[in-house]
Every structure is written in structure tokens, then in C-alpha cells.
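Colleague: Here you go, upload-v3.cif (mmCIF, C-alpha atoms and all ligand atoms):
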data_entry
#
loop_
_atom_site.label_atom_id
_atom_site.label_comp_id
_atom_site.auth_asym_id
_atom_site.auth_seq_id
_atom_site.Cartn_x
_atom_site.Cartn_y
_atom_site.Cartn_z
CA MET A 1 0.00 0.00 0.00
CA VAL A 2 1.22 3.49 -0.79
CA ARG A 3 1.29 5.71 2.27
CA PRO A 4 -0.35 9.07 1.79
CA LYS A 5 2.06 11.99 1.75
CA LYS A 6 1.79 14.06 4.88
CA GLN A 7 1.36 17.78 4.56
CA LYS A 8 1.34 20.66 6.97
CA GLY A 9 -1.73 21.18 9.08
CA ASN A 10 -4.61 18.84 9.00
CA ARG A 11 -4.35 17.71 5.41
CA ALA A 12 -3.09 14.65 3.66
CA SER A 13 -2.58 14.50 -0.04
CA PHE A 14 -3.45 11.14 -1.47
CA ASN A 15 -1.91 9.27 -4.40
CA PRO A 16 -3.84 8.21 -7.49
CA ALA A 17 -5.57 4.87 -6.91
CA GLN A 18 -4.34 2.72 -9.76
CA SER A 19 -5.40 -0.85 -9.16
CA GLN A 20 -8.51 -2.48 -10.56
CA ARG A 21 -10.11 -2.36 -7.16
CA ALA A 22 -9.38 1.31 -6.74
CA PHE A 23 -11.82 1.70 -3.82
CA GLU A 24 -9.64 -0.62 -1.73
CA GLU A 25 -6.67 1.65 -2.24
CA VAL A 26 -8.74 4.65 -1.27
CA VAL A 27 -9.84 2.82 1.90
CA ALA A 28 -6.25 1.85 2.73
CA GLN A 29 -4.88 5.38 2.29
CA VAL A 30 -7.63 7.02 4.32
CA GLU A 31 -7.20 4.37 7.04
CA GLN A 32 -3.49 5.11 7.14
CA ALA A 33 -4.09 8.86 7.37
CA ILE A 34 -6.38 8.23 10.37
CA LEU A 35 -3.98 5.77 12.01
CA ASP A 36 -0.99 8.08 11.73
CA GLY A 37 -3.00 10.96 13.16
CA THR A 38 -3.09 13.14 10.03
CA PHE A 39 -6.82 13.16 10.62
CA LYS A 40 -8.03 12.94 14.22
CA PRO A 41 -11.44 12.03 15.70
CA GLY A 42 -13.91 14.76 14.80
CA ASP A 43 -11.88 16.08 11.82
CA ARG A 44 -13.67 16.57 8.56
CA LEU A 45 -12.12 14.79 5.58
CA PRO A 46 -11.59 16.81 2.38
CA ALA A 47 -14.59 17.43 0.12
CA GLU A 48 -15.67 14.83 -2.40
CA ARG A 49 -14.49 16.81 -5.42
CA ASP A 50 -11.09 17.36 -3.83
CA LEU A 51 -10.73 13.64 -3.08
CA THR A 52 -11.83 12.42 -6.51
CA GLU A 53 -9.11 14.68 -7.98
CA GLN A 54 -6.42 13.49 -5.57
CA PHE A 55 -7.21 9.80 -5.94
CA ARG A 56 -8.14 10.19 -9.63
CA VAL A 57 -11.19 8.02 -9.13
CA SER A 58 -14.84 8.47 -10.00
CA ARG A 59 -17.40 9.68 -7.48
CA GLY A 60 -18.89 6.17 -7.51
CA THR A 61 -15.57 4.61 -6.50
CA LEU A 62 -15.03 7.21 -3.78
CA ARG A 63 -18.50 6.60 -2.38
CA GLU A 64 -17.93 2.86 -2.40
CA ALA A 65 -14.75 3.42 -0.39
CA PHE A 66 -16.54 5.66 2.09
CA ARG A 67 -19.31 3.12 2.57
CA VAL A 68 -16.63 0.62 3.62
CA LEU A 69 -14.98 3.14 5.96
CA GLU A 70 -18.33 4.05 7.45
CA TYR A 71 -19.23 0.41 8.00
CA ALA A 72 -15.89 -0.21 9.67
CA GLY A 73 -16.77 2.60 12.10
CA LEU A 74 -13.81 4.76 11.06
CA VAL A 75 -15.81 7.62 9.59
CA THR A 76 -19.32 8.95 9.99
CA ILE A 77 -21.04 10.63 7.08
CA SER A 78 -23.58 13.38 7.55
CA LYS A 79 -25.63 15.08 4.90
CA GLY A 80 -26.59 18.72 4.38
CA THR A 81 -24.66 21.94 4.02
CA THR A 82 -22.58 21.37 7.16
CA GLY A 83 -22.24 17.68 6.35
CA GLY A 84 -19.34 15.66 5.06
CA ALA A 85 -17.21 12.73 6.13
CA PHE A 86 -15.83 12.95 9.66
CA VAL A 87 -13.37 10.77 11.51
CA SER A 88 -15.43 8.86 14.05
CA HIS A 89 -15.17 9.42 17.81
CA GLN A 90 -16.86 6.17 18.58
CA SER A 91 -14.40 3.34 18.96
CA SER A 92 -17.32 1.20 20.15
CA LEU A 93 -18.77 1.40 16.63
CA MET A 94 -15.92 -0.71 15.30
CA VAL A 95 -16.49 -3.39 17.92
CA ALA A 96 -20.26 -3.21 17.43
CA ASN A 97 -19.91 -3.70 13.70
CA SER A 98 -17.64 -6.71 14.21
CA LEU A 99 -20.14 -8.21 16.65
CA LYS A 100 -22.94 -7.67 14.16
CA TRP A 101 -20.94 -9.53 11.54
CA LEU A 102 -20.35 -12.41 13.92
CA LEU A 103 -24.08 -12.53 14.69
CA ARG A 104 -24.94 -12.45 10.99
CA MET A 105 -22.52 -15.24 10.23
CA LYS A 106 -23.96 -17.13 13.21
CA ARG A 107 -20.50 -17.46 14.73
CA ILE A 108 -22.05 -16.16 17.92
CA GLN A 109 -25.64 -16.35 19.14
CA TYR A 110 -27.65 -13.61 20.69
CA SER A 111 -27.72 -15.70 23.89
CA ASP A 112 -23.88 -15.61 23.94
CA LEU A 113 -24.02 -11.82 24.03
CA ALA A 114 -26.61 -11.87 26.82
CA GLU A 115 -24.53 -14.26 28.91
CA PHE A 116 -21.32 -12.35 28.23
CA ARG A 117 -23.00 -9.16 29.33
CA GLU A 118 -23.92 -10.74 32.67
CA ARG A 119 -20.28 -11.63 33.29
CA LEU A 120 -18.88 -8.35 32.04
CA GLU A 121 -21.28 -6.20 34.05
CA GLY A 122 -21.11 -8.41 37.12
CA GLY A 123 -17.34 -7.90 37.11
CA ALA A 124 -17.73 -4.20 36.41
CA ALA A 125 -20.06 -3.77 39.40
CA ARG A 126 -17.50 -5.56 41.58
CA ASP A 127 -14.70 -3.26 40.33
CA ALA A 128 -16.91 -0.19 40.67
CA ALA A 129 -17.33 -1.01 44.38
CA ARG A 130 -13.58 -0.45 44.65
CA ASN A 131 -12.86 2.17 41.98
CA ALA A 132 -15.92 4.41 41.65
CA THR A 133 -15.03 8.08 42.01
CA PRO A 134 -17.28 10.57 43.85
CA ARG A 135 -18.36 11.87 40.42
CA HIS A 136 -19.52 8.37 39.36
CA LEU A 137 -21.34 7.79 42.65
CA GLN A 138 -23.02 11.16 42.33
CA ARG A 139 -24.19 10.29 38.82
CA LEU A 140 -25.49 6.86 39.89
CA LYS A 141 -27.42 8.47 42.75
CA GLN A 142 -28.92 11.04 40.39
CA ILE A 143 -30.05 8.28 38.04
CA VAL A 144 -31.70 6.31 40.85
CA ALA A 145 -33.42 9.49 42.09
CA GLN A 146 -34.78 10.12 38.60
CA LEU A 147 -35.87 6.47 38.35
CA ARG A 148 -37.84 6.91 41.55
CA ALA A 149 -39.89 9.53 39.72
CA THR A 150 -40.39 7.65 36.43
CA SER A 151 -40.35 3.92 37.19
CA ARG A 152 -43.84 3.68 38.70
CA GLN A 153 -45.45 5.42 35.76
CA PRO A 154 -45.75 3.05 32.79
CA GLU A 155 -46.30 5.98 30.39
CA LEU A 156 -42.81 7.24 31.28
CA TRP A 157 -41.30 3.90 30.34
CA ALA A 158 -39.07 5.30 27.56
CA GLN A 159 -37.36 7.56 30.11
CA THR A 160 -37.03 4.71 32.60
CA ALA A 161 -35.39 2.52 29.94
CA GLU A 162 -32.99 5.33 29.02
CA LEU A 163 -32.06 5.86 32.70
CA ASP A 164 -31.52 2.12 33.09
CA LEU A 165 -29.07 2.13 30.15
CA GLU A 166 -27.30 5.19 31.56
CA PHE A 167 -26.91 3.42 34.91
CA HIS A 168 -25.31 0.40 33.23
CA ARG A 169 -22.94 2.56 31.20
CA THR A 170 -21.93 4.54 34.30
CA VAL A 171 -21.19 1.38 36.32
CA VAL A 172 -18.96 0.04 33.55
CA GLU A 173 -17.25 3.43 33.24
CA ALA A 174 -16.79 3.50 37.04
CA SER A 175 -15.07 0.10 36.89
CA GLY A 176 -12.13 1.97 35.39
CA ASN A 177 -11.48 -0.31 32.40
CA GLU A 178 -11.76 1.51 29.09
CA LEU A 179 -11.96 -1.70 27.05
CA SER A 180 -14.90 -2.95 29.14
CA PHE A 181 -16.62 0.36 28.45
CA ILE A 182 -16.08 0.13 24.69
CA VAL A 183 -17.25 -3.50 24.58
CA GLU A 184 -20.28 -2.72 26.75
CA CYS A 185 -21.36 0.16 24.52
CA SER A 186 -21.03 -2.07 21.46
CA ILE A 187 -23.07 -4.85 23.08
CA PHE A 188 -25.80 -2.31 23.85
CA ASP A 189 -25.69 -1.25 20.24
CA CYS A 190 -26.27 -4.87 19.11
CA MET A 191 -28.92 -5.54 21.75
CA ARG A 192 -30.88 -2.34 21.34
CA GLU A 193 -33.89 -4.10 19.83
CA ALA A 194 -34.07 -6.52 22.72
CA PHE A 195 -34.70 -3.72 25.17
CA GLY A 196 -38.25 -3.71 23.84
CA ALA A 197 -38.76 -6.83 25.97
CA PHE A 198 -38.87 -4.60 29.02
CA SER A 199 -42.16 -2.84 29.42
CA GLY A 200 -43.69 -0.35 31.77
CA ALA A 201 -44.48 -3.18 34.16
CA SER A 202 -40.74 -3.74 34.68
CA GLY A 203 -40.24 -0.22 36.08
CA PRO A 204 -40.52 -1.04 39.80
CA ARG A 205 -38.25 -4.04 39.36
CA VAL A 206 -35.63 -1.92 37.59
CA LEU A 207 -35.73 0.64 40.41
CA ARG A 208 -35.40 -2.03 43.09
CA ASP A 209 -32.54 -3.83 41.32
CA LEU A 210 -30.50 -0.74 40.54
CA SER A 211 -30.99 0.75 44.02
CA ASP A 212 -29.62 -2.52 45.38
CA VAL A 213 -26.57 -2.37 43.05
CA LEU A 214 -25.91 1.25 44.04
CA ARG A 215 -26.22 0.52 47.77
CA ARG A 216 -23.63 -2.23 47.50
CA ILE A 217 -21.24 -0.16 45.36
CA GLU A 218 -21.45 2.66 47.90
CA ALA A 219 -20.73 0.18 50.72
CA HIS A 220 -17.65 -1.08 48.79
CA ASP A 221 -19.28 -4.52 48.85
CA GLY A 222 -17.79 -6.06 45.69
CA ASP A 223 -19.38 -9.53 46.12
CA GLY A 224 -22.80 -8.03 46.77
CA ALA A 225 -22.55 -5.55 43.88
CA GLU A 226 -21.64 -8.31 41.46
CA ALA A 227 -24.44 -10.60 42.66
CA ALA A 228 -27.02 -7.80 42.48
CA MET A 229 -25.97 -6.77 38.97
CA ARG A 230 -25.98 -10.37 37.72
CA ARG A 231 -29.48 -10.89 39.19
CA HIS A 232 -30.75 -7.80 37.38
CA ILE A 233 -29.27 -8.84 34.02
CA ARG A 234 -30.52 -12.43 34.37
CA TYR A 235 -34.00 -11.02 34.91
CA PHE A 236 -33.69 -8.97 31.73
CA ASN A 237 -32.25 -11.91 29.75
CA GLY A 238 -35.13 -14.09 30.96
CA LEU A 239 -37.63 -11.53 29.70
CA THR A 240 -36.07 -11.35 26.25
CA GLN A 241 -35.99 -15.16 25.98
CA ALA A 242 -39.60 -15.43 27.10
CA GLN A 243 -40.58 -12.82 24.55
CA ALA A 244 -38.74 -14.58 21.71
CA ALA A 245 -40.37 -17.91 22.67
CA SER A 246 -43.88 -16.45 22.85
CA THR A 247 -43.72 -14.81 19.41
CA PRO A 248 -42.27 -17.45 17.08
CA GLN A 249 -43.69 -15.81 13.96
CA THR A 250 -41.77 -12.60 14.61
CA ARG A 251 -38.68 -14.37 15.84
CA ASN A 252 -36.78 -14.35 12.56
CA ARG A 253 -37.65 -10.77 11.88
CA ARG A 254 -36.57 -9.81 15.37
CA SER A 255 -33.28 -11.65 15.22
CA ARG A 256 -32.51 -10.00 11.91
CA SER A 257 -33.37 -6.58 13.22
CA LEU A 258 -31.05 -7.20 16.17
CA VAL A 259 -28.12 -6.99 13.85
CA ASP A 260 -29.50 -4.33 11.55
CA VAL A 261 -29.62 -1.50 14.06
ZN ZN A 301 -30.92 -2.72 33.44
#
Once you've parsed the file, please lay out its structure as C-alpha cells.

Modeller:
Amino acid sequence: MVRPKKQKGNRASFNPAQSQRAFEEVVAQVEQAILDGTFKPGDRLPAERDLTEQFRVSRGTLREAFRVLEYAGLVTISKGTTGGAFVSHQSSLMVANSLKWLLRMKRIQYSDLAEFRERLEGGAARDAARNATPRHLQRLKQIVAQLRATSRQPELWAQTAELDLEFHRTVVEASGNELSFIVECSIFDCMREAFGAFSGASGPRVLRDLSDVLRRIEAHDGDGAEAAMRRHIRYFNGLTQAQAASTPQTRNRRSRSLVDV
């Protein structure tokens, strides 16, 4: 692969893509420019016309390359006058996309993800009991206080579900392991559809479970925090399994949509 020439400032100049599969060369050069820091997360890549001239490829080839880069989670593409291709901030997107491929190829099952999540988050709750900073504890308390207001009202279920997710993310963040956080966010991304299995009726249970987890994290009770978090996730996994079993005719559609989010 030809490395792109570095230039001053935030610009790379790319070499003409010569091979038959020109889009692959475009992908490789843009990847390299991101890896070597020529373009950093949040940076906008040069405009389409500029890039087609530098690579000497058609717009179609360039767009094909950017679809690959977008799918790999390296760039995000937004439309409109302020739009363009931007280097992605979300490292979890890359992991999420890989997981979606593995699900599609049936190398892993949805139930594997659910079980893995129980282990990952159980361990995270245990670590959070040791590592949580005052800022994390404050955030967890705020979430539980907000849950107290929403969880008993089924019509506020969407907010309750969002608070639940935020609680999980905060616990994993509080565990202090960045990789766990990235993996957790990507699992959520793959499981998003399954959260429909929770309903308004689950609100009080969510409040009770998460209050229990918080109490044990605050008390630096690692064993208790892990057990409480695992109990909560097993409850959720049980609901999603029960829902899949009770609606066999929608099962295929649902399992497809799990990986199409
Ligand atoms: Zn939850």
C-alpha cells in the first residue's frame, strides 16, 4: 500500500488509486491517514471533489470506499450543508460492527451476548465497588433518584429505559477499564432491539434492582454488587428469551433486526 504523503496542518494528499479495485486503495490510504494521526477524531475529511481529484477516481468509487470506511466505524457521514465525512469518535462502533458480523454469520448467538454481558457487568459492578469516584457515585445516585420519579409510571417507560441504560454505562465506566466500556457500549448497540422486551411493568423491578446495586457499590461490597448486577441482568435476559419464545412468527424478523440496528 502506498502511504499518503503528509502535509502541513490537517491535510493529507493522497496518491492516485491505480489498481482495478481502486476503492480498496482509497480505503487503505484514508485508514493510514487516520492511524498516523493526520486526521483525528472529529476532523472533517476533504470534500468529495477534492478527493476524486487526488485519488483520480470516480465519485462512484469514492462513495464505495466511504461506505466501507463508514461500516468499519472509522468515519461517519452526515448530509446537508454542514455535512461531510468525519473521523469517528466512537471506537465502540468498530467493535459493534464486528459483533454484528459475527451474529450475521452465526458465529455467535444472541444468547452468547446476553450471557457475556452478565459476566462483564457483574465484574464491572465488583470493580466499581472499589474504583468508583465521587463523580460516578453522584451520577449513579442522580439516576436512581430520577428512576424513583419515572419507574412507577408506565407511560414514562421510555425515560425509565434510558435511565436504566445510563446506569449500566456509568457502572462500567466506574469500573475503570476503558476496554470494558467500549465492549459494553457495542453490546448495547447490538442488543438495542431486545430492550423492547422490558415494558412499563418492569419499572418497579428496575428501580429495586438498581438501588440494590448502588447501595452495594457505595458500601464497597464487591461480592454483593456483582451478585445484584448479575441478578438484574438475568431477569432482563429471561424476559427477552420469554418474549422470543412467545412470538415465534416474529422471531426471525426480530433476530434479523437485532443486527440491523
Ligand atoms: Zn438494566

Colleague: Compute the set of protein, DNA and RNA residues whose minimum atom distance to ligand ZN 301 (chain A) is at most 8 Å, using only C-alpha atoms and all ligand atoms, and state it as an MDAnalysis selection string.

Modeller: chainID A and resid 161 164:165 167:168 206 210 232:233 236

Colleague: Go ahead and save the residues from that selection, with C-alpha atoms, as a PDB file, in the coordinates of the input.

Modeller:
ATOM      1  CA  ALA A 161     -35.390   2.520  29.940  1.00  0.00           C
ATOM      2  CA  ASP A 164     -31.520   2.120  33.090  1.00  0.00           C
ATOM      3  CA  LEU A 165     -29.070   2.130  30.150  1.00  0.00           C
ATOM      4  CA  PHE A 167     -26.910   3.420  34.910  1.00  0.00           C
ATOM      5  CA  HIS A 168     -25.310   0.400  33.230  1.00  0.00           C
ATOM      6  CA  VAL A 206     -35.630  -1.920  37.590  1.00  0.00           C
ATOM      7  CA  LEU A 210     -30.500  -0.740  40.540  1.00  0.00           C
ATOM      8  CA  HIS A 232     -30.750  -7.800  37.380  1.00  0.00           C
ATOM      9  CA  ILE A 233     -29.270  -8.840  34.020  1.00  0.00           C
ATOM     10  CA  PHE A 236     -33.690  -8.970  31.730  1.00  0.00           C
TER      11      PHE A 236
END

Colleague: For a quick check of understanding, using only C-alpha atoms, which of A:Leu163, A:Leu99, A:Val27, A:Leu214 has the smallest distance to A:His136?

Modeller: A:Leu214

Colleague: Which value, in Å to one decimal, gives the distance between atom CA of A:Val183 and atom CA of A:Gly122?

Modeller: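 Straight-line distance from atom CA of A:Val183 to atom CA of A:Gly122 works out to 14.0 Å.
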
Colleague: Skip A:Glu173 itself and residues of its chain fewer than 4 positions away, then list as a count of residues only all residues within 10 Å of it, counting only C-alpha atoms.

Modeller: 16

Colleague: If I wrap all listed atoms of stretch 172-184 of chain A in a box with edges along x, y and z and add 6 Å on each side, what are its centre and edge lengths in Å to one decimal, as JSON?

Modeller:
{"center_x": -15.9, "center_y": 0.0, "center_z": 30.8, "size_x": 20.8, "size_y": 19.0, "size_z": 24.5}

Colleague: If you measure from atom CA of A:Asp43 to atom CA of A:Ser98, what distance in Å do you get, rounded to one decimal?

Modeller: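 Atom CA of A:Ser98 lies 23.6 Å from atom CA of A:Asp43.
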
Colleague: Which residues, written as a VMD selection string, have at least one atom at most 10 Å from A:Arg205, with only C-alpha atoms counted and residues fewer than 6 positions away on the same chain left out?

Modeller: chain A and resid 151 to 152 211 232 235

Colleague: Hey, can you spit out that residue selection with C-alpha atoms as a short mmCIF file (atom, residue, chain, number, x, y, z; two decimals), keeping the file's coordinate frame?

Modeller:
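Once written, again03.cif looks like this:
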data_model
loop_
_atom_site.label_atom_id
_atom_site.label_comp_id
_atom_site.auth_asym_id
_atom_site.auth_seq_id
_atom_site.Cartn_x
_atom_site.Cartn_y
_atom_site.Cartn_z
CA SER A 151 -40.35 3.92 37.19
CA ARG A 152 -43.84 3.68 38.70
CA SER A 211 -30.99 0.75 44.02
CA HIS A 232 -30.75 -7.80 37.38
CA TYR A 235 -34.00 -11.02 34.91
#

Colleague: Just to confirm, what's the straight-line distance from atom CA of A:Asp127 to atom CA of A:Ala228 in Å (one decimal)?

Modeller: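 Distance between the two atoms: 13.3 Å.
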
Colleague: Find the residues around A:Pro204 up to 9 Å (all atoms listed in the file counted), leave out those fewer than 2 positions away in its own chain, and share them as an mmCIF file with C-alpha atoms, in the frame of the given file.

Modeller:
data_model
loop_
_atom_site.group_PDB
_atom_site.id
_atom_site.type_symbol
_atom_site.label_atom_id
_atom_site.label_comp_id
_atom_site.auth_asym_id
_atom_site.auth_seq_id
_atom_site.Cartn_x
_atom_site.Cartn_y
_atom_site.Cartn_z
ATOM 1 C CA LEU A 147 -35.870 6.470 38.350
ATOM 2 C CA ARG A 148 -37.840 6.910 41.550
ATOM 3 C CA SER A 151 -40.350 3.920 37.190
ATOM 4 C CA ARG A 152 -43.840 3.680 38.700
ATOM 5 C CA GLY A 200 -43.690 -0.350 31.770
ATOM 6 C CA ALA A 201 -44.480 -3.180 34.160
ATOM 7 C CA SER A 202 -40.740 -3.740 34.680
ATOM 8 C CA VAL A 206 -35.630 -1.920 37.590
ATOM 9 C CA LEU A 207 -35.730 0.640 40.410
ATOM 10 C CA ARG A 208 -35.400 -2.030 43.090
ATOM 11 C CA ASP A 209 -32.540 -3.830 41.320
#

Colleague: Check the smallest atom-to-atom distance from each of A:Phe55, A:Ser175, A:Gly84, A:Gly203 to A:Leu156 using all atoms listed in the file, then report the winner.

Modeller: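 Going through A:Phe55, A:Ser175, A:Gly84, A:Gly203 one by one, the smallest distance to A:Leu156 is for A:Gly203.
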
Colleague: For a quick check of understanding, using all atoms listed in the file, which of A:Val26, A:Lys141, A:Ser199, A:Glu115 has the smallest distance to A:Pro154?

Modeller: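 For A:Pro154, the nearest of the candidates is A:Ser199.
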
Colleague: Let me make sure I understand: among A:Val95, A:Val57, A:Leu103, A:Ile187, which one has the smallest atom-to-atom distance to A:Arg117 if we use only C-alpha atoms?

Modeller: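 Once distances to A:Arg117 are computed over only C-alpha atoms, the minimum belongs to A:Ile187.
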
Colleague: Which residues come within 9 Å of A:Ala17, counting all atoms listed in the file, excluding same-chain residues fewer than 3 positions away, as a compact mmCIF listing (two decimals) with C-alpha atoms, in the frame of the given file?

Modeller:
# COMPACT_ATOMS: atom_id res chain seq x y z
CA PHE A 14 -3.45 11.14 -1.47
CA GLN A 20 -8.51 -2.48 -10.56
CA ARG A 21 -10.11 -2.36 -7.16
CA ALA A 22 -9.38 1.31 -6.74
CA PHE A 23 -11.82 1.70 -3.82
CA GLU A 24 -9.64 -0.62 -1.73
CA GLU A 25 -6.67 1.65 -2.24
CA VAL A 26 -8.74 4.65 -1.27
CA GLN A 54 -6.42 13.49 -5.57
CA PHE A 55 -7.21 9.80 -5.94
CA ARG A 56 -8.14 10.19 -9.63
CA VAL A 57 -11.19 8.02 -9.13

Colleague: Where atoms are absent from stretch 130-153 of chain A, fill them in so it carries N, CA and C atoms, then output it as a tab-separated table (two decimals), in the coordinates of the input.

Modeller:
chain	number	residue	atom	x	y	z
A	130	ARG	N	-14.92	-0.84	44.20
A	130	ARG	CA	-13.58	-0.45	44.65
A	130	ARG	C	-13.13	0.87	44.02
A	131	ASN	N	-13.48	1.07	42.74
A	131	ASN	CA	-12.86	2.17	41.98
A	131	ASN	C	-13.75	3.39	41.73
A	132	ALA	N	-15.04	3.30	42.03
A	132	ALA	CA	-15.92	4.41	41.65
A	132	ALA	C	-15.45	5.72	42.30
A	133	THR	N	-15.41	6.77	41.49
A	133	THR	CA	-15.03	8.08	42.01
A	133	THR	C	-16.27	8.77	42.56
A	134	PRO	N	-16.09	9.84	43.37
A	134	PRO	CA	-17.28	10.57	43.85
A	134	PRO	C	-18.17	11.04	42.70
A	135	ARG	N	-17.55	11.40	41.56
A	135	ARG	CA	-18.36	11.87	40.42
A	135	ARG	C	-19.26	10.73	39.90
A	136	HIS	N	-18.71	9.50	39.81
A	136	HIS	CA	-19.52	8.37	39.36
A	136	HIS	C	-20.65	8.08	40.34
A	137	LEU	N	-20.31	8.09	41.65
A	137	LEU	CA	-21.34	7.79	42.65
A	137	LEU	C	-22.46	8.83	42.60
A	138	GLN	N	-22.04	10.08	42.42
A	138	GLN	CA	-23.02	11.16	42.33
A	138	GLN	C	-23.96	10.92	41.15
A	139	ARG	N	-23.39	10.55	40.02
A	139	ARG	CA	-24.19	10.29	38.82
A	139	ARG	C	-25.14	9.11	39.03
A	140	LEU	N	-24.64	8.04	39.65
A	140	LEU	CA	-25.49	6.86	39.89
A	140	LEU	C	-26.65	7.23	40.82
A	141	LYS	N	-26.35	8.06	41.82
A	141	LYS	CA	-27.42	8.47	42.75
A	141	LYS	C	-28.47	9.31	42.04
A	142	GLN	N	-27.98	10.21	41.17
A	142	GLN	CA	-28.92	11.04	40.39
A	142	GLN	C	-29.84	10.16	39.56
A	143	ILE	N	-29.25	9.15	38.91
A	143	ILE	CA	-30.05	8.28	38.04
A	143	ILE	C	-31.12	7.56	38.86
A	144	VAL	N	-30.72	7.03	40.03
A	144	VAL	CA	-31.70	6.31	40.85
A	144	VAL	C	-32.79	7.27	41.34
A	145	ALA	N	-32.40	8.50	41.66
A	145	ALA	CA	-33.42	9.49	42.09
A	145	ALA	C	-34.40	9.76	40.96
A	146	GLN	N	-33.88	9.88	39.74
A	146	GLN	CA	-34.78	10.12	38.60
A	146	GLN	C	-35.66	8.90	38.34
A	147	LEU	N	-35.09	7.71	38.54
A	147	LEU	CA	-35.87	6.47	38.35
A	147	LEU	C	-37.02	6.41	39.34
A	148	ARG	N	-36.78	6.93	40.55
A	148	ARG	CA	-37.84	6.91	41.55
A	148	ARG	C	-39.06	7.68	41.03
A	149	ALA	N	-38.78	8.72	40.25
A	149	ALA	CA	-39.89	9.53	39.72
A	149	ALA	C	-40.55	8.89	38.50
A	150	THR	N	-39.80	8.14	37.69
A	150	THR	CA	-40.39	7.65	36.43
A	150	THR	C	-40.86	6.19	36.49
A	151	SER	N	-40.19	5.37	37.34
A	151	SER	CA	-40.35	3.92	37.19
A	151	SER	C	-41.75	3.41	37.52
A	152	ARG	N	-42.50	4.17	38.35
A	152	ARG	CA	-43.84	3.68	38.70
A	152	ARG	C	-44.91	4.16	37.73
A	153	GLN	N	-44.48	4.91	36.73
A	153	GLN	CA	-45.45	5.42	35.76
A	153	GLN	C	-45.18	4.77	34.40
